[in-house]
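Engineer: For reference, the file start.cif (mmCIF, C-alpha atoms and all ligand atoms) is included below:
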data_final
#
loop_
_atom_site.label_atom_id
_atom_site.label_comp_id
_atom_site.auth_asym_id
_atom_site.auth_seq_id
_atom_site.Cartn_x
_atom_site.Cartn_y
_atom_site.Cartn_z
CA MET A 15 -12.02 -6.13 -7.97
CA LYS A 16 -11.67 -3.14 -10.21
CA LEU A 17 -10.58 0.16 -8.66
CA GLU A 18 -11.22 3.32 -10.64
CA ILE A 19 -9.98 6.71 -9.54
CA LYS A 20 -11.66 9.39 -11.62
CA ASP A 21 -10.48 12.99 -11.82
CA LEU A 22 -9.82 12.95 -8.09
CA HIS A 23 -9.19 16.22 -6.31
CA VAL A 24 -8.31 16.33 -2.60
CA GLU A 25 -7.78 19.35 -0.41
CA ILE A 26 -5.98 19.70 2.90
CA ASP A 27 -6.37 23.03 4.70
CA GLY A 28 -7.53 24.71 1.51
CA LYS A 29 -4.53 23.48 -0.47
CA GLU A 30 -5.20 21.17 -3.39
CA ILE A 31 -3.02 18.10 -2.81
CA GLU A 32 -4.49 15.86 -5.51
CA GLN A 33 -5.21 17.74 -8.71
CA GLY A 34 -7.16 15.38 -10.90
CA ILE A 35 -5.85 11.84 -10.55
CA ASN A 36 -7.05 9.17 -12.98
CA LEU A 37 -6.02 5.59 -12.34
CA VAL A 38 -7.56 2.18 -13.01
CA ILE A 39 -6.39 -0.99 -11.31
CA ASN A 40 -7.96 -4.23 -12.50
CA ASP A 41 -8.08 -7.60 -10.82
CA GLY A 42 -4.64 -8.97 -10.08
CA GLU A 43 -2.69 -6.17 -11.76
CA PHE A 44 0.59 -4.87 -10.33
CA HIS A 45 0.97 -1.08 -10.38
CA VAL A 46 3.70 1.15 -9.02
CA ILE A 47 3.47 4.85 -8.21
CA MET A 48 6.75 6.73 -8.00
CA GLY A 49 7.29 10.37 -7.31
CA PRO A 50 9.35 12.86 -5.34
CA ASN A 51 8.61 13.69 -1.73
CA GLY A 52 5.45 15.71 -1.29
CA SER A 53 3.98 14.78 -4.67
CA GLY A 54 0.82 13.36 -3.06
CA LYS A 55 1.47 9.60 -3.14
CA THR A 56 0.60 8.90 0.49
CA THR A 57 -2.43 11.19 0.39
CA LEU A 58 -3.74 9.30 -2.64
CA ALA A 59 -3.45 5.93 -0.89
CA LYS A 60 -5.06 7.32 2.26
CA VAL A 61 -7.98 8.82 0.39
CA VAL A 62 -8.61 5.52 -1.39
CA MET A 63 -8.59 3.77 1.99
CA GLY A 64 -11.03 6.32 3.42
CA TYR A 65 -8.87 8.29 5.80
CA PRO A 66 -11.48 10.48 7.54
CA SER A 67 -9.57 13.78 7.60
CA LEU A 68 -9.16 13.97 3.84
CA ARG A 69 -11.72 15.88 1.80
CA VAL A 70 -12.51 14.88 -1.75
CA THR A 71 -13.54 18.07 -3.51
CA LYS A 72 -14.10 16.64 -6.96
CA GLY A 73 -14.06 13.30 -8.74
CA ASP A 74 -14.78 9.82 -7.48
CA ILE A 75 -13.37 6.48 -6.39
CA LEU A 76 -15.20 3.39 -7.61
CA VAL A 77 -14.93 -0.27 -6.72
CA ASP A 78 -16.52 -2.53 -9.32
CA GLY A 79 -18.41 0.43 -10.69
CA GLN A 80 -19.84 1.60 -7.34
CA SER A 81 -18.71 4.80 -5.68
CA ILE A 82 -17.01 4.26 -2.32
CA ARG A 83 -16.71 7.97 -1.55
CA GLU A 84 -19.18 7.77 1.32
CA LEU A 85 -17.89 4.49 2.79
CA SER A 86 -15.90 4.33 6.05
CA ALA A 87 -12.39 2.88 6.04
CA ASP A 88 -13.76 -0.19 7.78
CA LYS A 89 -16.30 -0.84 5.02
CA ARG A 90 -13.61 -0.31 2.39
CA ALA A 91 -11.44 -2.90 4.13
CA ARG A 92 -14.34 -5.33 3.98
CA LEU A 93 -14.58 -4.72 0.24
CA GLY A 94 -10.99 -5.92 0.01
CA LEU A 95 -8.88 -2.78 0.19
CA PHE A 96 -5.74 -2.78 2.33
CA LEU A 97 -3.16 -0.09 3.01
CA GLN A 98 0.22 -0.53 4.59
CA PHE A 99 1.17 2.78 6.12
CA GLN A 100 4.46 4.49 5.49
CA ASN A 101 4.81 4.86 9.26
CA PRO A 102 2.82 2.09 10.97
CA VAL A 103 1.28 3.09 14.31
CA GLU A 104 2.10 1.51 17.66
CA ILE A 105 -0.83 0.30 19.73
CA GLU A 106 -0.21 -0.53 23.34
CA GLY A 107 -1.99 -3.47 24.90
CA VAL A 108 -3.12 -5.02 21.64
CA GLY A 109 -1.19 -8.22 20.97
CA PHE A 110 -0.05 -8.64 17.41
CA VAL A 111 -1.66 -12.04 16.93
CA ASN A 112 -4.91 -11.02 18.60
CA PHE A 113 -5.05 -7.92 16.47
CA LEU A 114 -4.61 -9.95 13.31
CA ARG A 115 -7.14 -12.52 14.38
CA ALA A 116 -9.74 -9.90 15.30
CA ALA A 117 -9.18 -8.08 12.01
CA LYS A 118 -9.56 -11.27 10.02
CA GLU A 119 -12.63 -12.40 11.95
CA SER A 120 -14.31 -9.06 11.51
CA MET A 121 -13.51 -8.95 7.79
CA THR A 122 -14.68 -12.46 7.06
CA ASP A 123 -17.45 -12.84 9.68
CA THR A 124 -15.94 -16.14 10.79
CA THR A 125 -14.43 -17.54 13.95
CA ILE A 126 -10.83 -18.52 13.52
CA ASP A 127 -9.23 -21.58 15.02
CA ILE A 128 -6.24 -20.20 16.90
CA LYS A 129 -4.03 -23.25 16.43
CA GLN A 130 -4.46 -23.28 12.69
CA PHE A 131 -4.06 -19.49 12.66
CA MET A 132 -0.75 -19.66 14.51
CA GLY A 133 0.41 -22.24 11.98
CA GLU A 134 -0.41 -19.89 9.13
CA ILE A 135 1.38 -17.01 10.86
CA ARG A 136 4.47 -19.12 11.48
CA SER A 137 4.68 -20.12 7.82
CA TYR A 138 5.01 -16.44 6.93
CA THR A 139 7.27 -15.36 9.79
CA GLU A 140 9.83 -17.85 8.58
CA LYS A 141 9.66 -16.69 4.97
CA LEU A 142 9.83 -13.05 6.01
CA ALA A 143 12.74 -13.75 8.36
CA ILE A 144 10.80 -12.13 11.19
CA THR A 145 12.86 -12.73 14.27
CA ASN A 146 11.39 -14.10 17.46
CA GLY A 147 9.60 -11.80 19.75
CA ILE A 148 7.40 -9.58 17.67
CA ILE A 149 4.62 -12.14 17.51
CA GLY A 150 4.11 -12.02 21.26
CA ARG A 151 4.38 -8.26 21.56
CA SER A 152 1.80 -5.50 21.35
CA LEU A 153 1.10 -4.24 17.86
CA ASN A 154 4.17 -2.44 16.55
CA GLN A 155 5.42 -1.66 20.09
CA GLY A 156 9.13 -1.38 20.07
CA PHE A 157 9.24 -2.88 16.60
CA SER A 158 12.18 -1.68 14.57
CA GLY A 159 11.39 0.03 11.26
CA GLY A 160 12.06 -3.23 9.44
CA GLU A 161 9.94 -5.29 11.82
CA LYS A 162 6.99 -2.95 11.35
CA LYS A 163 7.25 -3.26 7.59
CA LYS A 164 7.52 -7.03 7.76
CA GLY A 165 4.65 -7.11 10.23
CA GLU A 166 2.49 -5.28 7.73
CA VAL A 167 3.42 -7.67 4.94
CA LEU A 168 2.35 -10.42 7.31
CA GLN A 169 -0.97 -8.63 7.81
CA MET A 170 -1.45 -8.49 4.06
CA ALA A 171 -0.71 -12.21 3.78
CA ILE A 172 -3.21 -13.08 6.50
CA LEU A 173 -6.00 -10.67 5.55
CA LYS A 174 -5.78 -11.49 1.83
CA PRO A 175 -7.20 -8.24 0.45
CA LYS A 176 -8.22 -7.97 -3.19
CA LEU A 177 -6.08 -4.88 -3.61
CA ALA A 178 -3.06 -4.34 -1.37
CA MET A 179 -1.57 -0.85 -1.30
CA LEU A 180 1.90 -0.61 0.19
CA ASP A 181 3.31 2.81 0.96
CA GLU A 182 7.10 2.78 0.78
CA PRO A 183 7.46 -0.80 1.99
CA ASP A 184 11.23 -0.37 1.63
CA SER A 185 11.68 2.64 3.89
CA GLY A 186 13.82 1.95 6.92
CA LEU A 187 14.91 -1.46 5.69
CA ASP A 188 18.46 -2.63 5.26
CA ILE A 189 19.47 -4.02 1.88
CA ASP A 190 18.82 -7.68 2.70
CA ALA A 191 15.43 -6.89 4.16
CA VAL A 192 14.39 -4.90 1.07
CA LYS A 193 14.91 -8.01 -1.01
CA VAL A 194 13.00 -10.27 1.39
CA VAL A 195 10.11 -7.84 1.72
CA ALA A 196 9.88 -7.12 -2.01
CA GLN A 197 9.97 -10.77 -3.04
CA ASN A 198 7.42 -11.75 -0.40
CA ILE A 199 4.99 -8.98 -1.32
CA GLN A 200 5.00 -10.10 -4.93
CA GLU A 201 4.82 -13.81 -4.07
CA ILE A 202 1.95 -13.37 -1.63
CA ALA A 203 0.04 -11.21 -4.08
CA GLN A 204 0.48 -13.74 -6.87
CA LYS A 205 -0.45 -16.71 -4.70
CA ASP A 206 -3.69 -15.13 -3.53
CA LYS A 207 -4.39 -13.26 -6.79
CA MET A 208 -4.27 -9.83 -5.20
CA ALA A 209 -3.85 -6.64 -7.16
CA LEU A 210 -0.90 -4.58 -5.91
CA LEU A 211 -0.20 -0.88 -5.69
CA VAL A 212 3.31 -0.24 -4.48
CA ILE A 213 4.28 3.34 -3.71
CA THR A 214 7.97 4.04 -3.71
CA HIS A 215 10.34 6.93 -3.75
CA TYR A 216 13.40 4.94 -4.78
CA SER A 217 13.70 2.46 -7.61
CA ARG A 218 15.82 0.08 -5.53
CA ILE A 219 12.92 -2.10 -4.41
CA LEU A 220 11.84 -2.54 -8.04
CA SER A 221 14.96 -4.55 -8.83
CA TYR A 222 13.22 -7.35 -6.90
CA MET A 223 9.72 -6.87 -8.33
CA ASN A 224 8.06 -6.95 -11.73
CA PRO A 225 5.34 -4.30 -11.92
CA GLN A 226 3.23 -4.21 -15.08
CA PHE A 227 2.32 -0.52 -14.86
CA VAL A 228 4.39 2.40 -13.61
CA HIS A 229 2.89 5.83 -12.87
CA ILE A 230 4.98 8.87 -12.04
CA MET A 231 3.41 11.51 -9.81
CA ALA A 232 4.41 15.12 -9.36
CA ASP A 233 2.48 17.94 -7.69
CA GLY A 234 -0.71 15.95 -7.26
CA ARG A 235 -0.87 14.76 -10.85
CA ILE A 236 0.20 11.70 -12.77
CA VAL A 237 2.76 13.09 -15.20
CA ALA A 238 3.93 9.92 -16.93
CA GLU A 239 2.71 6.35 -17.33
CA GLY A 240 4.18 3.25 -18.86
CA GLY A 241 5.94 0.02 -18.02
CA ARG A 242 9.28 -0.80 -16.47
CA GLU A 243 11.12 1.33 -19.00
CA LEU A 244 9.95 4.39 -17.06
CA VAL A 245 11.96 3.25 -14.07
CA MET A 246 15.09 3.15 -16.23
CA LYS A 247 14.36 6.62 -17.56
CA LEU A 248 13.86 7.84 -14.02
CA GLU A 249 17.18 6.34 -12.92
CA LYS A 250 18.91 8.09 -15.80
CA ASP A 251 17.20 11.49 -15.87
CA GLY A 252 15.69 11.93 -12.41
CA TYR A 253 12.27 13.23 -11.43
CA ASP A 254 12.96 16.67 -12.86
CA SER A 255 12.72 15.36 -16.40
CA PHE A 256 9.07 14.40 -15.75
CA VAL A 257 7.96 17.59 -14.14
CA LYS A 258 6.68 20.12 -16.60
CA PRO A 259 8.14 23.56 -16.04
CA LYS A 260 5.64 25.82 -14.29
CA LYS A 261 4.31 28.71 -16.36
N1 LIG B 1 -2.13 16.36 7.27
C1 LIG B 1 -1.58 17.25 6.43
N2 LIG B 1 -1.66 18.58 6.67
C2 LIG B 1 -1.13 19.48 5.81
N3 LIG B 1 -0.49 19.15 4.69
C3 LIG B 1 -0.37 17.85 4.38
C4 LIG B 1 -0.91 16.83 5.24
N4 LIG B 1 -0.66 15.62 4.67
C5 LIG B 1 0.01 15.88 3.52
N5 LIG B 1 0.18 17.22 3.36
C6 LIG B 1 0.86 17.86 2.22
O1 LIG B 1 0.42 17.26 1.04
C7 LIG B 1 1.48 17.13 0.11
C8 LIG B 1 1.58 15.69 -0.33
O2 LIG B 1 2.00 14.90 0.76
P1 LIG B 1 2.12 13.32 0.67
O3 LIG B 1 0.86 12.79 0.10
O4 LIG B 1 2.55 12.82 1.99
O5 LIG B 1 3.29 13.17 -0.41
P2 LIG B 1 4.29 11.95 -0.70
O6 LIG B 1 3.73 10.73 -0.05
O7 LIG B 1 4.31 11.87 -2.19
O8 LIG B 1 5.61 12.36 -0.15
C9 LIG B 1 2.70 17.68 0.81
O9 LIG B 1 2.89 18.99 0.37
C10 LIG B 1 2.35 17.61 2.26
O10 LIG B 1 3.02 18.61 2.98
MG MG B 2 4.56 9.42 1.31
#
Show the structure stored in the file as C-alpha cells.
Structural biologist:
Amino acid sequence: MKLEIKDLHVEIDGKEIEQGINLVINDGEFHVIMGPNGSGKTTLAKVVMGYPSLRVTKGDILVDGQSIRELSADKRARLGLFLQFQNPVEIEGVGFVNFLRAAKESMTDTTIDIKQFMGEIRSYTEKLAITNGIIGRSLNQGFSGGEKKKGEVLQMAILKPKLAMLDEPDSGLDIDAVKVVAQNIQEIAQKDKMALLVITHYSRILSYMNPQFVHIMADGRIVAEGGRELVMKLEKDGYDSFVKPKK
C-alpha cells in the first residue's frame, strides 16, 4: 500500500488545524511523526482514518493512487489502515476476544476458528507480557493505561493492517512496558510487512525502534524531515529550534 497525503488542510470549528501536510508512506516503510502538544499529530492520524467529525477543506489523501476522502472509516480499515488511539475507548459488554474476532471476520470476510484464534492471541499476550484477565474482560473496561496500549498492539498483530498508525503508544506506560511495546510494534510490523507510522511526543520510545523517516510537526505543518539524526537534534535543541518564528 502507498499512502499519499497531499497538501492536506483540516478545519475544526473554523480553525485550521492542518495547514498543508504532505507525506508519502510506501509499502513497509517506518515513519515517525514528532511534535509538541497541539501541533496536529492526532488530528492528522484521525483524518487519515476517516474520523467523521473532521472536515478536509483542501488537499487529498490517496491509497494506491485512489482518493479515500469520501470513504468511511470502516472502508478505510478494509483497505488496510489501522489507528491506535492515544486514549482507547472503553466499550461495555463487548468482550475483548469477541471484538477482535468480529473485527477480523468483517475485515477479511472469513469465519474464524475460535480455537486457532485463541492460540494466536495467546502467542502475543505472552510476548507483550499482558497479564491475565484482560482477555476475558469487556473491551478496555478497567484496563490500566498500559493494558489498553498493549491491547491495541495485540489488535494490530491480529488484524494485520497494511499501514498501522500508532498514536503515542508510549503514553501511560512505565519504563519496562515502553520497551516491550516498542519492540513488539516493530517486530510485528516487520513480520507481517506492515508500514508503520508512530506518533510520539517524547523520543524515549525511539531508543527501542529504528524508524527510517522522521517528520517534525509544528502548528499543523511539517517543519523538518530526515532520518534518526533529527531525533538527536531534537533531544539537544528542543522543539523550539524547529519552529520558525512567527512574523
Ligand atoms: N475536537 C476538537 N475541537 C476543537 N479543537 C480541537 C479538537 N481536536 C483537536 N483540536 C485542536 O487542534 C489542535 C491540534 O490537536 P491535536 O491534533 O490533538 O494535536 P497533538 O496530537 O499534536 O497534540 C489543538 O490546538 C487542539 O486544541
Ligand atoms: Mg495527540
Engineer: Dump as a tab-separated table the rows for residues of chain A within 10 Å of ligand MG 2 (chain B): closest atom pair and distance in Å with one decimal, all atoms listed in the file counted, ordered by chain and rising residue number.
Structural biologist:
residue	atom	partner	partner_atom	distance
A:Met48	CA	B:MG2	MG	9.9
A:Gly49	CA	B:MG2	MG	9.1
A:Pro50	CA	B:MG2	MG	8.9
A:Asn51	CA	B:MG2	MG	6.6
A:Gly52	CA	B:MG2	MG	6.9
A:Ser53	CA	B:MG2	MG	8.1
A:Gly54	CA	B:MG2	MG	7.0
A:Lys55	CA	B:MG2	MG	5.4
A:Thr56	CA	B:MG2	MG	4.1
A:Thr57	CA	B:MG2	MG	7.3
A:Leu58	CA	B:MG2	MG	9.2
A:Ala59	CA	B:MG2	MG	9.0
A:Lys60	CA	B:MG2	MG	9.9
A:Phe99	CA	B:MG2	MG	8.9
A:Gln100	CA	B:MG2	MG	6.5
A:Asn101	CA	B:MG2	MG	9.2
A:Asp181	CA	B:MG2	MG	6.7
A:Glu182	CA	B:MG2	MG	7.1
A:Ile213	CA	B:MG2	MG	7.9
A:Thr214	CA	B:MG2	MG	8.1
A:His215	CA	B:MG2	MG	8.1
Engineer: Restricting the output to C-alpha atoms, write the selected residues as a short mmCIF file (atom, residue, chain, number, x, y, z; two decimals), in the coordinates of the input.
Structural biologist:
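The new file result_9.cif reads:
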data_model
loop_
_atom_site.label_atom_id
_atom_site.label_comp_id
_atom_site.auth_asym_id
_atom_site.auth_seq_id
_atom_site.Cartn_x
_atom_site.Cartn_y
_atom_site.Cartn_z
CA MET A 48 6.75 6.73 -8.00
CA GLY A 49 7.29 10.37 -7.31
CA PRO A 50 9.35 12.86 -5.34
CA ASN A 51 8.61 13.69 -1.73
CA GLY A 52 5.45 15.71 -1.29
CA SER A 53 3.98 14.78 -4.67
CA GLY A 54 0.82 13.36 -3.06
CA LYS A 55 1.47 9.60 -3.14
CA THR A 56 0.60 8.90 0.49
CA THR A 57 -2.43 11.19 0.39
CA LEU A 58 -3.74 9.30 -2.64
CA ALA A 59 -3.45 5.93 -0.89
CA LYS A 60 -5.06 7.32 2.26
CA PHE A 99 1.17 2.78 6.12
CA GLN A 100 4.46 4.49 5.49
CA ASN A 101 4.81 4.86 9.26
CA ASP A 181 3.31 2.81 0.96
CA GLU A 182 7.10 2.78 0.78
CA ILE A 213 4.28 3.34 -3.71
CA THR A 214 7.97 4.04 -3.71
CA HIS A 215 10.34 6.93 -3.75
#
Engineer: Write out as a short mmCIF file (atom, residue, chain, number, x, y, z; two decimals) with C-alpha atoms, in the coordinates of the input which residues come within 10 Å of Lys205 in chain A when counting only C-alpha atoms, dropping same-chain ones fewer than 4 positions away.
Structural biologist:
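Result saved to out_28.cif:
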data_model
loop_
_atom_site.label_atom_id
_atom_site.label_comp_id
_atom_site.auth_asym_id
_atom_site.auth_seq_id
_atom_site.Cartn_x
_atom_site.Cartn_y
_atom_site.Cartn_z
CA ALA A 171 -0.71 -12.21 3.78
CA LYS A 174 -5.78 -11.49 1.83
CA GLN A 200 5.00 -10.10 -4.93
CA GLU A 201 4.82 -13.81 -4.07
#
Engineer: Using all atoms listed in the file and a cutoff of 12 Å, can you tell me which residues are near (-8.9, 14.5, 7.4) in the file's coordinates, and write them out as a list in words?
Structural biologist: Val24, Glu25, Ile26, Asp27, Gly28, Thr57, Lys60, Val61, Gly64, Tyr65, Pro66, Ser67, Leu68, Arg69 and Val70 of chain A
Engineer: For a cut-off of 6 Å around (-0.1, 4.6, -8.6), file coordinates, pick out all residues using all atoms listed in the file and list them as a VMD selection string.
Structural biologist: chain A and resid 46 to 47 229
Engineer: Kindly indicate which residue among A:Met15, A:Leu114, A:Met223, A:Ile31 lies nearest to ligand LIG 1 (chain B), using all atoms listed in the file for the distances.
Structural biologist: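 Ranking A:Met15, A:Leu114, A:Met223, A:Ile31 by distance to ligand LIG 1 (chain B), first place goes to A:Ile31.
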Engineer: Which residue is closest to ligand LIG 1 (chain B)? Choose from A:Lys29, A:Ile219, A:Leu17, A:Ile236 and count only C-alpha atoms and all ligand atoms.
Structural biologist: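 Of all the options, A:Lys29 lies closest to ligand LIG 1 (chain B).
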Engineer: Could you tell me how far CA of Ala232 in chain A sits from atom C7 of ligand LIG 1 (chain B), in Å to one decimal place?
Structural biologist: 10.1 Å
Engineer: Would you compute the distance between CA of Phe256 in chain A and CA of Val237 in chain A? Give it in Å to one decimal.
Structural biologist: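 For CA of Phe256 in chain A relative to CA of Val237 in chain A, the distance reads 6.5 Å.
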Engineer: To one decimal in Å, tell me the separation between CA of Leu22 in chain A and CA of Arg83 in chain A.
Structural biologist: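 Spanning CA of Leu22 in chain A to CA of Arg83 in chain A is a straight-line distance of 10.7 Å.
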Engineer: Excluding same-chain residues fewer than 3 positions from Met121 in chain A, what lies within 7 Å of it counting only C-alpha atoms, as a list in words?
Structural biologist: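 Within the cut-off, the hits are Arg92, Ala117 and Lys118 of chain A.
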Engineer: Which is closest to ligand LIG 1 (chain B) among A:Pro225, A:Gly252, A:Gly241, A:Gly234, if we use all atoms listed in the file?
Structural biologist: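 Smallest distance to ligand LIG 1 (chain B) is found for A:Gly234.
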Engineer: Specify the axis-aligned box that encloses all atoms of range 171-186 of chain A listed in the file after padding of 8 Å on each side, stating its centre and edge lengths in Å to one decimal as JSON.
Structural biologist:
{"center_x": 2.8, "center_y": -5.1, "center_z": 1.7, "size_x": 38.0, "size_y": 31.9, "size_z": 26.5}
